[in-house]
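A.B. asks: The following block contains the structure, expressed as C-alpha cells.
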Amino acid sequence: MHDIRAIRENPEAFDRDLERRGLLPLSAELIALDDARKGAVSAAQAAQERRNALSKEIGAAKKAKDEARAAELMAEVARLKEEAPALDAAQAQAAKVLDERLAAIPNRPKEDVPPGADEHGNVEYRRFDASRERLVQGRQHFELGEATGLMDFEAAAKLSGSRFVVLKGQLARLERALGQFMLDLHTGEHGYTEVVPPVLVRDEAMFGTAQLPKFRDDQFAAGDGFWLIPTAEVPLTNLVRESILAEDELPLRFTALTPCFRAEAGAAGRDTRGMLRQHQFNKVELVSITAPEKSAEEHERMLACAEAVLQKLDLTYRVMTLCTGDMGFASQKTYDIEVWVPGQQTFREISSCSVCGEFQARRMNARYRAKEGRGVGFVHTLNGSGVAVGRALIAVMENYQNPDGSVTIPSVLQPYMGGLNRIEGPNT
C-alpha cells in the first residue's frame, strides 16, 4: 500500500520506480483520484458546517420571534440533512476507489535492486560449495522415492488429484526431521520465537500481506470467509496488525512450521513430476518486524539464518539478488537461495527472503512509537523461507543419493532420525 502524500510530494520519483517495475506512470491518475476524494470530503464538510451555522441562525430567529425566517432556515437544514447520506456515500466511494487503486500497485524497488525484465536479469550475490564432492548428475528425487515405495504420487492422486504426494516410512520421518531441525536452529541459535499459528485466515489478513486482492486465483478459499494460508508469512506478519508497538520491543522475530497451500494457477505444465511444485507443502517461515532504519540490516541477517540451514546440511547453493522484473508484489528487495539439485543438473529455489518496508504495515495499520518523542510511524516487515521443507527433502535425496538407490542421512539430521544414517534403496 502506497502513501498518497509521498506520491504527491514527488510524483516523478514514484513514476520512475514504477517504470523500473515495467509499469506505466500512474502518479497523475492517483493524484486525480485523491483530488476527487478531497473534493468529496470538502463537500461533506461544507454541508455539515452549513448545518451547524444554520442551527445557530435558527436559534437567533426564534429568539427574535421571526418565525418565518426560522421556518425558512429549518427547511434548508432538512434539505441538507436529506442530502447528507449521499455526500457521505460519495466520500466513502471516492476513498474506496483510491485505496483499491493504490492496493493494486506493487511495492517500489530499492535503489540497489538490479534492473531486469525476468529471472534472466537476476544477479548472483554469493555462493556456498559443500565440503562433499558435488554430484554433477543423478536420479531425480521422485525416481529415488518411487523406487523405494516411500513416495507415492498415485495414492495421492486418488485422494486429491495432481500436485500432491504421500510420503511413507523413513521418507516421512526424514521430512519431519528436516522441519524440526530447522525450527531448533532458528529458535536455539538465531533468536526467533516459535509460533503455532492458524492455517485458516480471513480476508483482512490476506490483504495485509498482499495476497488479496491481486493474487486471489492463486489461493485456496476454504468457505465461510476463510482462506488456507499460502505461507505462514500471512499469520505471522499479521500478529502485529492494528497495533502500536514500542520501539524497545523491536525487532520481533517469529518462526513457524506449517502446511502451506497454493493453487499454482499460473503454473500449468511446470514441474508436473515430483514434489517441486505442490498444492500442499510444509515450510518453515521466518518473519521480522523492525524499525525502518534497521530493516536493511535485518534483511541480511535473515538471509544468513536461511543459509545456515543449507550450510549445516552441507548442500551447495547460490544466493541470487532478484531483479526488478522478478521480485514479488510486496517486496522492496528479494534474495533467492537456490540449491543444487543433480537430478535436474541445475539450481532450484529453496528460499526467498524479502524486505517489504512499510508496504505491508500500511495495509495492516501496524505501527510503532519511536523513542525520544519522534512520534508514531509504520514498522517495516520482512519474510523469508527458512526453508521450504519439501524442497530441502528433494535436495537431500538427490545430493546424498548412492549408486544403489539408497540415501545417506546428513549427520546433522541423524539425531532426529533415531540414529538412522541411511534410507535403504531398492537394491540394498
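FYI, nothing fancy with the C-alpha cells labels: chains A, B, ... in order, residues from 1 per chain, ligands from 1 as they appear.
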If we count only C-alpha atoms, what is near Leu73 of chain A at a cut-off of 10 Å, once residues fewer than 4 positions away on the same chain are taken out, given as a list of chain:residue names?

C.D. replies: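 Close residues of Leu73 of chain A: A:Arg51, A:Leu54, A:Ser55, A:Lys56, A:Glu57, A:Ile58, A:Gly59, A:Ala61, A:Glu67, A:Ala68, A:Arg69, A:Val77, A:Ala78, A:Arg79.
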
A.B. asks: Determine which residues of segment 57-291 of chain A DSSP labels as strand (DSSP E) from the backbone of this structure, then write them out as a PyMOL selection string.

C.D. replies: chain A and resi 123-128+151-152+166-167+193-194+200-202+220-223+226-228+243-246+252-261+280-290

A.B. asks: I want to know what sits within 10 Å of Val287 of chain A, based on only C-alpha atoms, with residues of the same chain fewer than 4 positions away left out; could you give that as a ChimeraX atom specification?

C.D. replies: /A:192-193,232-237,252-256,302,353-355,381-386

A.B. asks: Could the residues in this selection be written to a file with N, CA, C and O atoms, as a PDB file, in the first residue's frame?

C.D. replies:
```pdb
ATOM      1  N   TYR A 192      14.738 -16.614  17.021  1.00  0.00           N
ATOM      2  CA  TYR A 192      13.340 -16.479  16.602  1.00  0.00           C
ATOM      3  C   TYR A 192      12.426 -17.124  17.636  1.00  0.00           C
ATOM      4  O   TYR A 192      12.784 -18.113  18.270  1.00  0.00           O
ATOM      5  N   THR A 193      11.235 -16.559  17.786  1.00  0.00           N
ATOM      6  CA  THR A 193      10.224 -17.118  18.672  1.00  0.00           C
ATOM      7  C   THR A 193       9.326 -18.058  17.879  1.00  0.00           C
ATOM      8  O   THR A 193       8.738 -17.649  16.866  1.00  0.00           O
ATOM      9  N   ALA A 232       3.190 -19.243   6.075  1.00  0.00           N
ATOM     10  CA  ALA A 232       2.992 -18.717   7.427  1.00  0.00           C
ATOM     11  C   ALA A 232       3.345 -17.247   7.532  1.00  0.00           C
ATOM     12  O   ALA A 232       3.095 -16.621   8.570  1.00  0.00           O
ATOM     13  N   GLU A 233       3.905 -16.664   6.480  1.00  0.00           N
ATOM     14  CA  GLU A 233       4.094 -15.207   6.441  1.00  0.00           C
ATOM     15  C   GLU A 233       2.797 -14.486   6.776  1.00  0.00           C
ATOM     16  O   GLU A 233       2.801 -13.446   7.446  1.00  0.00           O
ATOM     17  N   VAL A 234       1.666 -15.039   6.307  1.00  0.00           N
ATOM     18  CA  VAL A 234       0.387 -14.343   6.486  1.00  0.00           C
ATOM     19  C   VAL A 234       0.017 -14.222   7.961  1.00  0.00           C
ATOM     20  O   VAL A 234      -0.136 -13.106   8.477  1.00  0.00           O
ATOM     21  N   PRO A 235      -0.132 -15.314   8.711  1.00  0.00           N
ATOM     22  CA  PRO A 235      -0.485 -15.135  10.123  1.00  0.00           C
ATOM     23  C   PRO A 235       0.628 -14.524  10.966  1.00  0.00           C
ATOM     24  O   PRO A 235       0.351 -13.739  11.877  1.00  0.00           O
ATOM     25  N   LEU A 236       1.892 -14.851  10.678  1.00  0.00           N
ATOM     26  CA  LEU A 236       2.979 -14.312  11.498  1.00  0.00           C
ATOM     27  C   LEU A 236       3.093 -12.804  11.361  1.00  0.00           C
ATOM     28  O   LEU A 236       3.259 -12.085  12.353  1.00  0.00           O
ATOM     29  N   THR A 237       3.032 -12.294  10.147  1.00  0.00           N
ATOM     30  CA  THR A 237       3.135 -10.846   9.945  1.00  0.00           C
ATOM     31  C   THR A 237       1.929 -10.134  10.534  1.00  0.00           C
ATOM     32  O   THR A 237       2.050  -9.060  11.139  1.00  0.00           O
ATOM     33  N   LEU A 252      10.951  -7.805  16.389  1.00  0.00           N
ATOM     34  CA  LEU A 252      10.249  -9.044  16.692  1.00  0.00           C
ATOM     35  C   LEU A 252      10.614 -10.060  15.620  1.00  0.00           C
ATOM     36  O   LEU A 252      10.616  -9.729  14.427  1.00  0.00           O
ATOM     37  N   ARG A 253      10.932 -11.278  16.050  1.00  0.00           N
ATOM     38  CA  ARG A 253      11.312 -12.326  15.098  1.00  0.00           C
ATOM     39  C   ARG A 253      10.490 -13.575  15.394  1.00  0.00           C
ATOM     40  O   ARG A 253      10.542 -14.105  16.501  1.00  0.00           O
ATOM     41  N   PHE A 254       9.740 -14.026  14.395  1.00  0.00           N
ATOM     42  CA  PHE A 254       8.855 -15.177  14.539  1.00  0.00           C
ATOM     43  C   PHE A 254       9.226 -16.264  13.541  1.00  0.00           C
ATOM     44  O   PHE A 254       9.667 -15.967  12.419  1.00  0.00           O
ATOM     45  N   THR A 255       9.023 -17.508  13.950  1.00  0.00           N
ATOM     46  CA  THR A 255       9.194 -18.627  13.023  1.00  0.00           C
ATOM     47  C   THR A 255       8.080 -19.632  13.260  1.00  0.00           C
ATOM     48  O   THR A 255       7.550 -19.747  14.373  1.00  0.00           O
ATOM     49  N   ALA A 256       7.711 -20.347  12.206  1.00  0.00           N
ATOM     50  CA  ALA A 256       6.655 -21.355  12.310  1.00  0.00           C
ATOM     51  C   ALA A 256       6.864 -22.411  11.237  1.00  0.00           C
ATOM     52  O   ALA A 256       7.330 -22.110  10.131  1.00  0.00           O
ATOM     53  N   MET A 302      18.456 -12.151   8.151  1.00  0.00           N
ATOM     54  CA  MET A 302      17.506 -13.200   7.823  1.00  0.00           C
ATOM     55  C   MET A 302      18.064 -14.115   6.732  1.00  0.00           C
ATOM     56  O   MET A 302      17.929 -15.347   6.811  1.00  0.00           O
ATOM     57  N   CYS A 353      13.938 -14.519   0.557  1.00  0.00           N
ATOM     58  CA  CYS A 353      13.969 -13.600   1.697  1.00  0.00           C
ATOM     59  C   CYS A 353      13.750 -12.177   1.204  1.00  0.00           C
ATOM     60  O   CYS A 353      14.542 -11.669   0.404  1.00  0.00           O
ATOM     61  N   SER A 354      12.690 -11.541   1.694  1.00  0.00           N
ATOM     62  CA  SER A 354      12.293 -10.230   1.171  1.00  0.00           C
ATOM     63  C   SER A 354      12.137  -9.207   2.279  1.00  0.00           C
ATOM     64  O   SER A 354      11.666  -9.521   3.377  1.00  0.00           O
ATOM     65  N   VAL A 355      12.506  -7.986   1.967  1.00  0.00           N
ATOM     66  CA  VAL A 355      12.198  -6.850   2.824  1.00  0.00           C
ATOM     67  C   VAL A 355      11.089  -6.063   2.121  1.00  0.00           C
ATOM     68  O   VAL A 355      11.170  -5.786   0.927  1.00  0.00           O
ATOM     69  N   THR A 381       8.415  -4.663   7.615  1.00  0.00           N
ATOM     70  CA  THR A 381       8.222  -6.113   7.712  1.00  0.00           C
ATOM     71  C   THR A 381       9.150  -6.839   6.759  1.00  0.00           C
ATOM     72  O   THR A 381       9.463  -6.339   5.668  1.00  0.00           O
ATOM     73  N   LEU A 382       9.583  -8.028   7.175  1.00  0.00           N
ATOM     74  CA  LEU A 382      10.433  -8.888   6.353  1.00  0.00           C
ATOM     75  C   LEU A 382       9.937 -10.313   6.482  1.00  0.00           C
ATOM     76  O   LEU A 382       9.388 -10.709   7.513  1.00  0.00           O
ATOM     77  N   ASN A 383      10.129 -11.102   5.443  1.00  0.00           N
ATOM     78  CA  ASN A 383       9.743 -12.505   5.497  1.00  0.00           C
ATOM     79  C   ASN A 383      10.692 -13.329   4.653  1.00  0.00           C
ATOM     80  O   ASN A 383      11.273 -12.838   3.682  1.00  0.00           O
ATOM     81  N   GLY A 384      10.854 -14.581   5.057  1.00  0.00           N
ATOM     82  CA  GLY A 384      11.724 -15.475   4.296  1.00  0.00           C
ATOM     83  C   GLY A 384      11.435 -16.926   4.633  1.00  0.00           C
ATOM     84  O   GLY A 384      10.899 -17.249   5.692  1.00  0.00           O
ATOM     85  N   SER A 385      11.800 -17.796   3.717  1.00  0.00           N
ATOM     86  CA  SER A 385      11.684 -19.236   3.954  1.00  0.00           C
ATOM     87  C   SER A 385      12.935 -19.702   4.672  1.00  0.00           C
ATOM     88  O   SER A 385      14.037 -19.398   4.233  1.00  0.00           O
ATOM     89  N   GLY A 386      12.702 -20.472   5.726  1.00  0.00           N
ATOM     90  CA  GLY A 386      13.878 -20.868   6.491  1.00  0.00           C
ATOM     91  C   GLY A 386      14.055 -22.365   6.756  1.00  0.00           C
ATOM     92  O   GLY A 386      14.473 -22.690   7.832  1.00  0.00           O
TER      93      GLY A 386
END
```

A.B. asks: Write out as a ChimeraX atom specification which residues come within 7 Å of segment 112-119 of chain A when counting only C-alpha atoms, dropping same-chain ones fewer than 2 positions away.

C.D. replies: /A:20,109-110,121-122,323-326,333

A.B. asks: Considering only C-alpha atoms, return as a list of chain:residue names whatever protein or nucleic-acid residues lie within 8 Å of Leu183 of chain A, sequence-local ones (same chain, fewer than 4 positions apart) excluded.

C.D. replies: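 Using only C-alpha atoms, the neighbours found are A:Gly179, A:Thr187, A:Glu194, A:Thr255, A:Ala256, A:Leu257, A:Val284.
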
A.B. asks: What separation in Å, quoted to one decimal, exists between atom CA of Gly377 of chain A and atom CA of Ala361 of chain A?

C.D. replies: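 According to the coordinates, atom CA of Gly377 of chain A and atom CA of Ala361 of chain A are separated by 9.7 Å.
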
A.B. asks: Using DSSP on the backbone coordinates, identify the residues of segment 26-237 of chain A assigned to helix (DSSP H, G or I); present them as number ranges by chain.

C.D. replies: A: 27-63, 67-103, 119-121, 141-148, 153-160, 169-188, 203-208, 216-218, 233-237

A.B. asks: Which residues are near Pro410 of chain A? Cut-off 8 Å, only C-alpha atoms, ignore same chain within fewer than 4 positions. Put them as an NGL selection string.

C.D. replies: :A and (313-314 or 396 or 400 or 414 or 421)

A.B. asks: Looking at A:Arg139, A:Lys312, A:Lys283, A:Arg362, which one is nearest to Glu175 of chain A, with distances taken over only C-alpha atoms?

C.D. replies: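 Of A:Arg139, A:Lys312, A:Lys283, A:Arg362, the one nearest Glu175 of chain A, counting only C-alpha atoms, is A:Lys283.
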
A.B. asks: Expressed in Å to a single decimal, how great is the separation between atom CA of Phe220 of chain A and atom CA of Ser351 of chain A?

C.D. replies: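 Atom CA of Phe220 of chain A sits 21.8 Å away from atom CA of Ser351 of chain A.
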
A.B. asks: Quick one: residues within 12 Å of Arg5 of chain A, only C-alpha atoms, excluding same-chain residues fewer than 5 positions away - as a ChimeraX atom specification?

C.D. replies: /A:10-11,14,27,30-31,34-35,102

A.B. asks: Take the residues that were just selected and, keeping N, CA and C atoms, output them as a JSON list (two decimals), in the first residue's frame.

C.D. replies:
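What ended up in out04.json:
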```json
[["chain", "number", "residue", "atom", "x", "y", "z"],
["A", 10, "ASN", "N", 6.46, 13.80, -4.52],
["A", 10, "ASN", "CA", 7.49, 13.51, -5.52],
["A", 10, "ASN", "C", 6.94, 12.53, -6.55],
["A", 11, "PRO", "N", 6.03, 12.99, -7.41],
["A", 11, "PRO", "CA", 5.42, 12.08, -8.39],
["A", 11, "PRO", "C", 6.41, 11.52, -9.39],
["A", 14, "PHE", "N", 8.12, 8.46, -7.96],
["A", 14, "PHE", "CA", 7.19, 7.34, -7.94],
["A", 14, "PHE", "C", 7.07, 6.71, -9.31],
["A", 27, "SER", "N", 1.26, 8.33, -11.37],
["A", 27, "SER", "CA", 1.09, 9.38, -10.35],
["A", 27, "SER", "C", -0.03, 10.34, -10.71],
["A", 30, "LEU", "N", -3.37, 8.79, -9.90],
["A", 30, "LEU", "CA", -3.58, 8.67, -8.46],
["A", 30, "LEU", "C", -3.86, 10.02, -7.81],
["A", 31, "ILE", "N", -3.13, 11.02, -8.25],
["A", 31, "ILE", "CA", -3.36, 12.37, -7.70],
["A", 31, "ILE", "C", -4.76, 12.86, -8.08],
["A", 34, "ASP", "N", -7.12, 11.23, -5.80],
["A", 34, "ASP", "CA", -7.04, 11.85, -4.47],
["A", 34, "ASP", "C", -7.73, 13.22, -4.48],
["A", 35, "ASP", "N", -7.61, 13.93, -5.57],
["A", 35, "ASP", "CA", -8.32, 15.21, -5.68],
["A", 35, "ASP", "C", -9.83, 14.99, -5.60],
["A", 102, "LEU", "N", -4.52, 2.09, -5.20],
["A", 102, "LEU", "CA", -3.22, 2.04, -4.53],
["A", 102, "LEU", "C", -2.85, 0.61, -4.15]]
```

A.B. asks: Choose the residue, out of A:Phe153, A:Ala263, A:Gly425, A:Ala392, that has the smallest atom-to-atom separation from Gln311 of chain A; count only C-alpha atoms.

C.D. replies: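 For Gln311 of chain A, the nearest of the candidates is A:Ala392.
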
A.B. asks: A:Glu82, A:Glu12, A:Glu293, A:Asp224: which is nearest Pro25 of chain A, counting only C-alpha atoms?

C.D. replies: A:Glu12

A.B. asks: Which one of A:Val379, A:Glu242, A:Ser352, A:Tyr317 sits closest to Leu286 of chain A if you count only C-alpha atoms?

C.D. replies: A:Ser352

A.B. asks: Taking only C-alpha atoms into account, name the residue in A:Ala330, A:Ala60, A:Leu26, A:Met151 that is nearest to Phe207 of chain A.

C.D. replies: A:Ala330

A.B. asks: Once you count only C-alpha atoms, what closest atom pair and distance in Å to one decimal does each residue of segment 241-298 of chain A within 8 Å of segment 164-169 of chain A have, with rows by chain and rising residue number, as a tab-separated table?

C.D. replies:
```
residue	atom	partner	partner_atom	distance
A:Met275	CA	A:Val165	CA	7.2
A:Gln278	CA	A:Phe164	CA	5.8
A:His279	CA	A:Phe164	CA	6.3
A:Gln280	CA	A:Phe164	CA	6.6
```
